[in-house]
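One structure is given below, encoded as structure tokens.
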Amino acid sequence: MVRTRFAPSPTGYLHIGGLRTALYAYLFAKKNGGKFILRIEDTDQNREVAGAVDIIISALDKAGIHYDEGPIVGGDYGPYVQSERKEIYLKYAQKLLESGDAYCCFCSKERLAEMHEKGATKYDKHCLHLSKQEVQERIAKGEPYVIRQNIPESGTSTYHDEVFGDVTVDFKDLEDNILIKSDGMPTYNFANVIDDHLMGITHCIRGVEYLMSTPKYNLLYDALGWKRPVYIHLQPIMRDSQHKLSKRDGDAGFEDFLRKGFLPHAIVNYIALLGWNPKNNREKLSMDELIESFSIDGLQKSSSIFDETKMRWLNSLYVKEMSAEDFHTAAVPYYNEYYPNKNIDYVYLSELLQSRVEVLSDIKERAAFLDAFDSFDTELFVNKKWKTTVDMAKELIDDCIKATESADLNTALESLAESKGLKKGQVLWIYRIALTGAIATPGGGAEMVKLFGKEEALRRLNAVKKILGA
Ligand code: GLU
């Protein structure tokens with residue numbers, strides 16, 4: 001059975017690239033009737049951030065990427081948090097020590113620094129040559145040590161990656177990595193192998209930064225007599241042709257996009273296509289459709305550039321599809337943030353805005369007219385296209401008030417235009433400006449009256465009458 005995993009480090013942040021790795025691993029497992037596992041890689045405890053695991057779990061949940069095994073839900077291969085598996089790694093490190101595939105290293109920081117200062121690019125295997133007896137004595141004395149992988153000094157190693165094809169690495173370019181640190185915790189270089197094997201991972205899907213170190217992991221699989229997984233390395237998501245989309249850009253996190261008002265599935269849909277081609281020319285796909293069409297041969301070897309404009313467009317398709325009720329619920333936090341306590345019908349505002357926003361944070365701009373009236377600018381009555389003037393507004397304002405009081409606003413405005421020998425558009429312009437004080441509104445005068453209610457509309461028009469000195 002296919003088993004894939006997502007193995008994030010708890011850094012307090014789920015990068016959009018990490019989310020995409022999780023997504024591909026999920027899609028591949030589900031497409032093949034397999035299981036998707038979440039494993040928390042928290043062995044670098046310096047990097048750990050409180051609450052970070054919850055952030056990952058909640059992000060995956062919002063994204064609709066449901067794991068079959070992992071923290072909280074458990075499973076047959078747990079624990080799924082590496083810091084809880086310390087003893088397991090030590091046991092296998094011991095085996096490697098016995099077979100000579102690993103060795104204890106007592107080198108001090110100072111010695112290593114000096115070695116590098118003298119131009120060394122990798123560890124010089126100094127401690128490999130210590131006698132067994134010396135090693136035992138130094139351990140017994142309580143001297144701190146690490147366990148290093150013993151990598152052959154010459155030769156090459158080739159393995160097959162499903163995206164990149166055959167990858168060959170020269171052993172002389174590889175360092176004798178630390179497998180177990182002096183605090184007894186494993187490094188990623190060791191734990192990933194042990195866990196992928198013990199958790200029955202069949203396909204290892206991860207970032208391309210591990211492509212060239214995979215031969216080291218393969219040596220460990222071989223030394224322990226284990227079958228290697230199928231490797232699928234993924235190109236990063238780029239900000240432009242030179243730079244990765246990074247946390248430093250301030251908006252590379254899944255949560256950052258949610259805050260901007262992107263819908264979770266729109267993000268998932270967009271990033272799915274950023275590095276994978278469904279080969280059906282479709283751009284809008286539900287999670288079930290993504291699963292259905294997913295295949296490894298659609299993964300791209302070249303990196304992809306993140307295009308927020310495209311994601312906005314895709315998001316707008318999902319926004320338009322929402323029920324009016326769902327859209328309103330999603331919009332309320334934005335009203336509360338930008339335009340709280342306005343005397344308007346917020347449900348109706350949602351109705352007006354739904355087709356006019358691409359992402360929910362567009363509400364700020366689209367509803368800016370709600371604040372415009374507070375600093376009414378009579379110059380807005382002047383419109384070149386309609387040839388309207390402030391004087392015209394002055395002449396019409398009383399009739400605009402009357403029209404608002406009438407039972408049929410539209411007809412009243414139409415006859416107003418006729419009686420004054422004006423175009424309807426001229427009257428409508430003046431009417432809408434008088435009501436809102438804004439050039440851009442998500443609807444015409446009639447919609448604005450409905451939004452404000454008759455009473456508030458009349459209050460506004462009378463205030464404008466005063467401003468105009470009419
Ligand atoms: N903990 C690693 C990372 O966050 C996971 C790499 C892997 O998937 O093997 O980069």
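In the structure tokens, the first chain shown is A, the next is B, and so on; residue numbers restart at 1 for each chain, and ligands run from 1 in the order shown.
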
Open item on the list: From a backbone DSSP assignment, name each residue in segment 176-314 of chain A labelled alpha helix (DSSP H), as a VMD selection string.
Closed with: chain A and resid 188 to 198 214 to 224 254 to 259 264 to 272 287 to 293 308 to 314

Task: Close residues, Val208 of chain A itself excluded, 8 Å, only C-alpha atoms, min 4 positions apart in chain, as a list in words - done: His233, Leu234, Gln235 and Pro236 of chain A

Could those residues be written to a file, using C-alpha atoms, as a PDB file, in the first residue's frame?
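And here is the file that came out, out.pdb:
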```pdb
ATOM      1  CA  HIS A 233      11.937  15.716  -5.065  1.00  0.00           C
ATOM      2  CA  LEU A 234      10.110  18.974  -5.727  1.00  0.00           C
ATOM      3  CA  GLN A 235      11.347  22.266  -7.074  1.00  0.00           C
ATOM      4  CA  PRO A 236      10.782  25.287  -4.865  1.00  0.00           C
TER       5      PRO A 236
END
```

Open item on the list: Residues near Ala25 of chain A, anyone? I mean within 7 Å using only C-alpha atoms, not counting same-chain ones fewer than 3 positions away, as JSON, numbers by chain.
Closed with: {"A": [4, 5, 6, 21, 22, 28, 29, 36, 205]}

Keeping N, CA and C atoms, export the residues of the selection given above as a tab-separated table (two decimals), in the first residue's frame.
```tsv
chain	number	residue	atom	x	y	z
A	4	THR	N	2.59	7.87	2.16
A	4	THR	CA	3.41	9.07	2.01
A	4	THR	C	3.35	9.87	3.31
A	5	ARG	N	4.26	10.81	3.43
A	5	ARG	CA	4.24	11.61	4.65
A	5	ARG	C	4.59	13.05	4.38
A	6	PHE	N	4.12	13.91	5.28
A	6	PHE	CA	4.55	15.30	5.32
A	6	PHE	C	5.28	15.42	6.64
A	21	THR	N	4.03	20.72	-0.73
A	21	THR	CA	4.63	19.40	-0.54
A	21	THR	C	3.62	18.46	0.14
A	22	ALA	N	2.97	18.99	1.17
A	22	ALA	CA	1.97	18.19	1.89
A	22	ALA	C	0.85	17.79	0.93
A	28	PHE	N	-1.12	12.13	-3.90
A	28	PHE	CA	-0.55	10.88	-4.41
A	28	PHE	C	-1.07	9.69	-3.60
A	29	ALA	N	-1.09	9.84	-2.29
A	29	ALA	CA	-1.59	8.75	-1.44
A	29	ALA	C	-3.05	8.46	-1.76
A	36	PHE	N	-1.82	8.84	4.15
A	36	PHE	CA	-1.00	10.06	4.26
A	36	PHE	C	-0.72	10.31	5.74
A	205	ILE	N	8.30	12.21	-0.62
A	205	ILE	CA	8.06	13.43	-1.41
A	205	ILE	C	8.53	14.61	-0.58
```

TODO: Select the residues contacting ligand 1 at a distance of at most 9 Å, based on only C-alpha atoms and all ligand atoms, then format the selection as a ChimeraX atom specification.
DONE: /A:5-11,18,21-22,39-42,188-189,192-193,196,204-207,209-210

Open item on the list: Can you pull out the residues contacting segment 432-446 of chain A? Cut-off 8 Å, using only C-alpha atoms, and skip same-chain residues under 6 positions away; I want them as a list in words.
Closed with: Leu352, Leu353, Arg356, Arg366, Ala367, Phe369, Leu370, Ala372, Phe373, Ser375, Phe376, Asp377, Thr378, Leu380, Phe381, Ile397, Leu409, Asn410, Ala457, Arg460, Leu461 and Val464 of chain A

Next, write the just-selected residues to a file, as a tab-separated table (two decimals), in the first residue's frame, keeping N, CA, C and O atoms as the atom set.
```
chain	number	residue	atom	x	y	z
A	352	LEU	N	-24.07	43.25	-2.72
A	352	LEU	CA	-23.50	44.16	-3.72
A	352	LEU	C	-22.03	43.85	-3.99
A	352	LEU	O	-21.53	44.03	-5.09
A	353	LEU	N	-21.33	43.40	-2.96
A	353	LEU	CA	-19.87	43.25	-3.10
A	353	LEU	C	-19.43	41.91	-3.67
A	353	LEU	O	-18.35	41.80	-4.24
A	356	ARG	N	-17.88	41.74	-6.83
A	356	ARG	CA	-16.91	42.82	-7.08
A	356	ARG	C	-15.60	42.67	-6.33
A	356	ARG	O	-14.76	43.56	-6.38
A	366	ARG	N	-13.32	48.40	-1.92
A	366	ARG	CA	-14.63	48.43	-2.56
A	366	ARG	C	-15.69	49.11	-1.69
A	366	ARG	O	-16.68	49.61	-2.20
A	367	ALA	N	-15.48	49.09	-0.39
A	367	ALA	CA	-16.49	49.70	0.49
A	367	ALA	C	-15.99	51.02	1.07
A	367	ALA	O	-16.57	51.55	2.01
A	369	PHE	N	-16.34	53.80	0.03
A	369	PHE	CA	-17.36	54.85	-0.08
A	369	PHE	C	-18.11	55.05	1.24
A	369	PHE	O	-18.67	56.11	1.49
A	370	LEU	N	-18.07	54.04	2.10
A	370	LEU	CA	-18.80	54.14	3.37
A	370	LEU	C	-18.23	55.26	4.24
A	370	LEU	O	-18.90	55.80	5.10
A	372	ALA	N	-16.56	57.91	2.75
A	372	ALA	CA	-16.35	59.10	1.92
A	372	ALA	C	-17.27	60.26	2.29
A	372	ALA	O	-16.88	61.42	2.24
A	373	PHE	N	-18.49	59.92	2.70
A	373	PHE	CA	-19.47	60.97	2.96
A	373	PHE	C	-19.01	61.91	4.08
A	373	PHE	O	-19.36	63.09	4.10
A	375	SER	N	-16.32	63.27	4.54
A	375	SER	CA	-15.53	64.43	4.09
A	375	SER	C	-16.02	64.79	2.69
A	375	SER	O	-15.29	64.70	1.71
A	376	PHE	N	-17.29	65.14	2.62
A	376	PHE	CA	-17.95	65.37	1.32
A	376	PHE	C	-17.24	66.44	0.50
A	376	PHE	O	-16.95	67.52	0.97
A	377	ASP	N	-16.97	66.10	-0.75
A	377	ASP	CA	-16.25	67.02	-1.63
A	377	ASP	C	-17.17	67.37	-2.80
A	377	ASP	O	-17.42	66.53	-3.68
A	378	THR	N	-17.68	68.60	-2.84
A	378	THR	CA	-18.67	68.97	-3.87
A	378	THR	C	-18.09	68.91	-5.29
A	378	THR	O	-18.83	68.81	-6.25
A	380	LEU	N	-16.83	66.59	-6.67
A	380	LEU	CA	-17.13	65.30	-7.30
A	380	LEU	C	-18.37	65.39	-8.20
A	380	LEU	O	-18.57	64.54	-9.07
A	381	PHE	N	-19.17	66.41	-7.99
A	381	PHE	CA	-20.34	66.58	-8.88
A	381	PHE	C	-19.90	66.87	-10.31
A	381	PHE	O	-20.63	66.62	-11.26
A	397	ILE	N	-30.90	69.30	-6.12
A	397	ILE	CA	-30.89	68.59	-4.83
A	397	ILE	C	-32.29	68.48	-4.19
A	397	ILE	O	-32.65	67.42	-3.67
A	409	LEU	N	-38.45	55.44	-6.95
A	409	LEU	CA	-37.28	56.30	-7.11
A	409	LEU	C	-36.84	56.43	-8.57
A	409	LEU	O	-36.61	57.52	-9.08
A	410	ASN	N	-36.77	55.28	-9.24
A	410	ASN	CA	-36.26	55.28	-10.61
A	410	ASN	C	-37.09	56.14	-11.54
A	410	ASN	O	-36.56	56.95	-12.29
A	457	ALA	N	-30.79	57.92	3.89
A	457	ALA	CA	-30.58	58.53	2.56
A	457	ALA	C	-31.05	59.99	2.60
A	457	ALA	O	-30.36	60.89	2.10
A	460	ARG	N	-28.72	62.22	4.52
A	460	ARG	CA	-27.54	62.56	3.74
A	460	ARG	C	-27.84	63.65	2.71
A	460	ARG	O	-27.08	64.60	2.55
A	461	LEU	N	-28.96	63.47	2.01
A	461	LEU	CA	-29.29	64.44	0.95
A	461	LEU	C	-29.54	65.83	1.55
A	461	LEU	O	-29.12	66.84	0.99
A	464	VAL	N	-26.27	67.40	2.33
A	464	VAL	CA	-25.61	67.89	1.12
A	464	VAL	C	-26.26	69.20	0.65
A	464	VAL	O	-25.59	70.13	0.19
```

Open item on the list: DSSP on the backbone: which residues in segment 138-338 of chain A end up as strand (DSSP E)? Give the answer as a ChimeraX atom specification.
Closed with: /A:146-149,156-161,165-170,178-180,203-207,230-234,237-238,304-305

Task: 10 Å contact set for Pro186 of chain A, only C-alpha atoms, chain neighbours under 5 positions out, as number ranges by chain - done: A: 42-44, 82-83, 85-90, 93, 146-147, 178-181, 191-192, 194

Given only C-alpha atoms, how would the per-residue table for segment 361-381 of chain A near segment 255-261 of chain A read, listing every residue at most 10 Å away with its closest atom pair and distance in Å to one decimal, sorted by chain and number, as a tab-separated table?
```
residue	atom	partner	partner_atom	distance
A:Ser361	CA	A:Gly261	CA	5.1
A:Asp362	CA	A:Gly261	CA	8.0
A:Ile363	CA	A:Gly261	CA	9.3
```

TODO: Find, counting only C-alpha atoms, the residue in A:Val359, A:Gly12, A:Pro264, A:Trp276 that gets nearest to Thr309 of chain A.
DONE: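 Among the listed residues, A:Val359 lies closest to Thr309 of chain A.
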
Open item on the list: Measuring between only C-alpha atoms, which one of A:Asn336, A:Lys91, A:Ala272, A:Tyr13 shows the shortest distance to Ala50 of chain A?
Closed with: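 For Ala50 of chain A, the nearest of the candidates is A:Tyr13.
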
Open item on the list: If I take atom CA of Pro278 of chain A and atom CA of Glu321 of chain A, how far is one from the other in Å, to one decimal?
Closed with: 22.4 Å

Using only C-alpha atoms, which residues sit within 12 Å of Ile344 of chain A once same-chain residues fewer than 2 positions away are excluded, as a PDB file with N, CA and C atoms, in the first residue's frame?
```pdb
ATOM      1  N   TYR A 335     -15.715  43.671   7.537  1.00  0.00           N
ATOM      2  CA  TYR A 335     -16.539  44.834   7.882  1.00  0.00           C
ATOM      3  C   TYR A 335     -16.150  45.305   9.283  1.00  0.00           C
ATOM      4  N   TYR A 339     -14.984  48.763   8.509  1.00  0.00           N
ATOM      5  CA  TYR A 339     -16.168  49.648   8.517  1.00  0.00           C
ATOM      6  C   TYR A 339     -17.187  49.204   9.568  1.00  0.00           C
ATOM      7  N   PRO A 340     -16.801  49.221  10.830  1.00  0.00           N
ATOM      8  CA  PRO A 340     -17.744  48.753  11.845  1.00  0.00           C
ATOM      9  C   PRO A 340     -18.824  49.807  12.121  1.00  0.00           C
ATOM     10  N   ASN A 341     -19.929  49.351  12.620  1.00  0.00           N
ATOM     11  CA  ASN A 341     -20.999  50.225  13.128  1.00  0.00           C
ATOM     12  C   ASN A 341     -21.472  51.297  12.156  1.00  0.00           C
ATOM     13  N   LYS A 342     -21.567  50.956  10.896  1.00  0.00           N
ATOM     14  CA  LYS A 342     -22.155  51.901   9.939  1.00  0.00           C
ATOM     15  C   LYS A 342     -23.664  51.646   9.961  1.00  0.00           C
ATOM     16  N   TYR A 346     -25.841  45.470   6.266  1.00  0.00           N
ATOM     17  CA  TYR A 346     -24.598  44.766   5.912  1.00  0.00           C
ATOM     18  C   TYR A 346     -24.855  43.539   5.029  1.00  0.00           C
ATOM     19  N   VAL A 347     -25.995  42.885   5.246  1.00  0.00           N
ATOM     20  CA  VAL A 347     -26.288  41.708   4.409  1.00  0.00           C
ATOM     21  C   VAL A 347     -26.439  42.152   2.946  1.00  0.00           C
ATOM     22  N   TYR A 348     -27.097  43.282   2.768  1.00  0.00           N
ATOM     23  CA  TYR A 348     -27.258  43.796   1.401  1.00  0.00           C
ATOM     24  C   TYR A 348     -25.912  44.254   0.836  1.00  0.00           C
ATOM     25  N   LEU A 349     -25.087  44.818   1.705  1.00  0.00           N
ATOM     26  CA  LEU A 349     -23.744  45.225   1.248  1.00  0.00           C
ATOM     27  C   LEU A 349     -23.011  43.999   0.683  1.00  0.00           C
ATOM     28  N   SER A 350     -23.130  42.879   1.383  1.00  0.00           N
ATOM     29  CA  SER A 350     -22.483  41.648   0.906  1.00  0.00           C
ATOM     30  C   SER A 350     -23.007  41.271  -0.471  1.00  0.00           C
ATOM     31  N   ALA A 367     -15.484  49.092  -0.394  1.00  0.00           N
ATOM     32  CA  ALA A 367     -16.486  49.701   0.492  1.00  0.00           C
ATOM     33  C   ALA A 367     -15.985  51.024   1.068  1.00  0.00           C
ATOM     34  N   LEU A 370     -18.075  54.038   2.095  1.00  0.00           N
ATOM     35  CA  LEU A 370     -18.800  54.144   3.372  1.00  0.00           C
ATOM     36  C   LEU A 370     -18.229  55.264   4.240  1.00  0.00           C
ATOM     37  N   GLU A 447     -29.584  51.333  -5.434  1.00  0.00           N
ATOM     38  CA  GLU A 447     -28.945  50.342  -4.543  1.00  0.00           C
ATOM     39  C   GLU A 447     -28.440  51.011  -3.270  1.00  0.00           C
ATOM     40  N   MET A 448     -27.922  52.219  -3.434  1.00  0.00           N
ATOM     41  CA  MET A 448     -27.380  52.919  -2.262  1.00  0.00           C
ATOM     42  C   MET A 448     -28.500  53.277  -1.274  1.00  0.00           C
ATOM     43  N   VAL A 449     -29.657  53.660  -1.833  1.00  0.00           N
ATOM     44  CA  VAL A 449     -30.792  53.967  -0.940  1.00  0.00           C
ATOM     45  C   VAL A 449     -31.198  52.708  -0.190  1.00  0.00           C
ATOM     46  N   LYS A 450     -31.207  51.606  -0.906  1.00  0.00           N
ATOM     47  CA  LYS A 450     -31.570  50.340  -0.270  1.00  0.00           C
ATOM     48  C   LYS A 450     -30.557  49.993   0.829  1.00  0.00           C
ATOM     49  N   LEU A 451     -29.295  50.275   0.564  1.00  0.00           N
ATOM     50  CA  LEU A 451     -28.230  49.960   1.525  1.00  0.00           C
ATOM     51  C   LEU A 451     -28.343  50.832   2.784  1.00  0.00           C
ATOM     52  N   PHE A 452     -28.599  52.111   2.570  1.00  0.00           N
ATOM     53  CA  PHE A 452     -28.648  53.024   3.721  1.00  0.00           C
ATOM     54  C   PHE A 452     -30.008  53.027   4.409  1.00  0.00           C
ATOM     55  N   GLY A 453     -31.040  52.718   3.660  1.00  0.00           N
ATOM     56  CA  GLY A 453     -32.400  52.894   4.180  1.00  0.00           C
ATOM     57  C   GLY A 453     -32.825  54.322   3.842  1.00  0.00           C
ATOM     58  N   LYS A 454     -34.157  54.491   3.685  1.00  0.00           N
ATOM     59  CA  LYS A 454     -34.691  55.775   3.226  1.00  0.00           C
ATOM     60  C   LYS A 454     -34.316  56.917   4.182  1.00  0.00           C
ATOM     61  N   GLU A 455     -34.452  56.639   5.455  1.00  0.00           N
ATOM     62  CA  GLU A 455     -34.232  57.692   6.453  1.00  0.00           C
ATOM     63  C   GLU A 455     -32.813  58.241   6.379  1.00  0.00           C
ATOM     64  N   GLU A 456     -31.849  57.329   6.358  1.00  0.00           N
ATOM     65  CA  GLU A 456     -30.441  57.738   6.296  1.00  0.00           C
ATOM     66  C   GLU A 456     -30.148  58.425   4.956  1.00  0.00           C
ATOM     67  N   ALA A 457     -30.787  57.921   3.888  1.00  0.00           N
ATOM     68  CA  ALA A 457     -30.579  58.532   2.563  1.00  0.00           C
ATOM     69  C   ALA A 457     -31.049  59.987   2.596  1.00  0.00           C
TER      70      ALA A 457
END
```

Where does segment 11-89 of chain A meet segment 242-245 of chain A within 10 Å, residue by residue, with the nearest atom pair and distance in Å to one decimal for each, counting only C-alpha atoms, listed by chain and rising number, as CSV?
```
residue,atom,partner,partner_atom,distance
A:His15,CA,A:Leu245,CA,9.0
A:Ile16,CA,A:Leu245,CA,8.6
A:Gly17,CA,A:Leu245,CA,8.2
```

Task: For atom CA of Asn383 of chain A and atom CA of Ala463 of chain A, the interatomic separation in Å (one decimal) - done: 21.1 Å
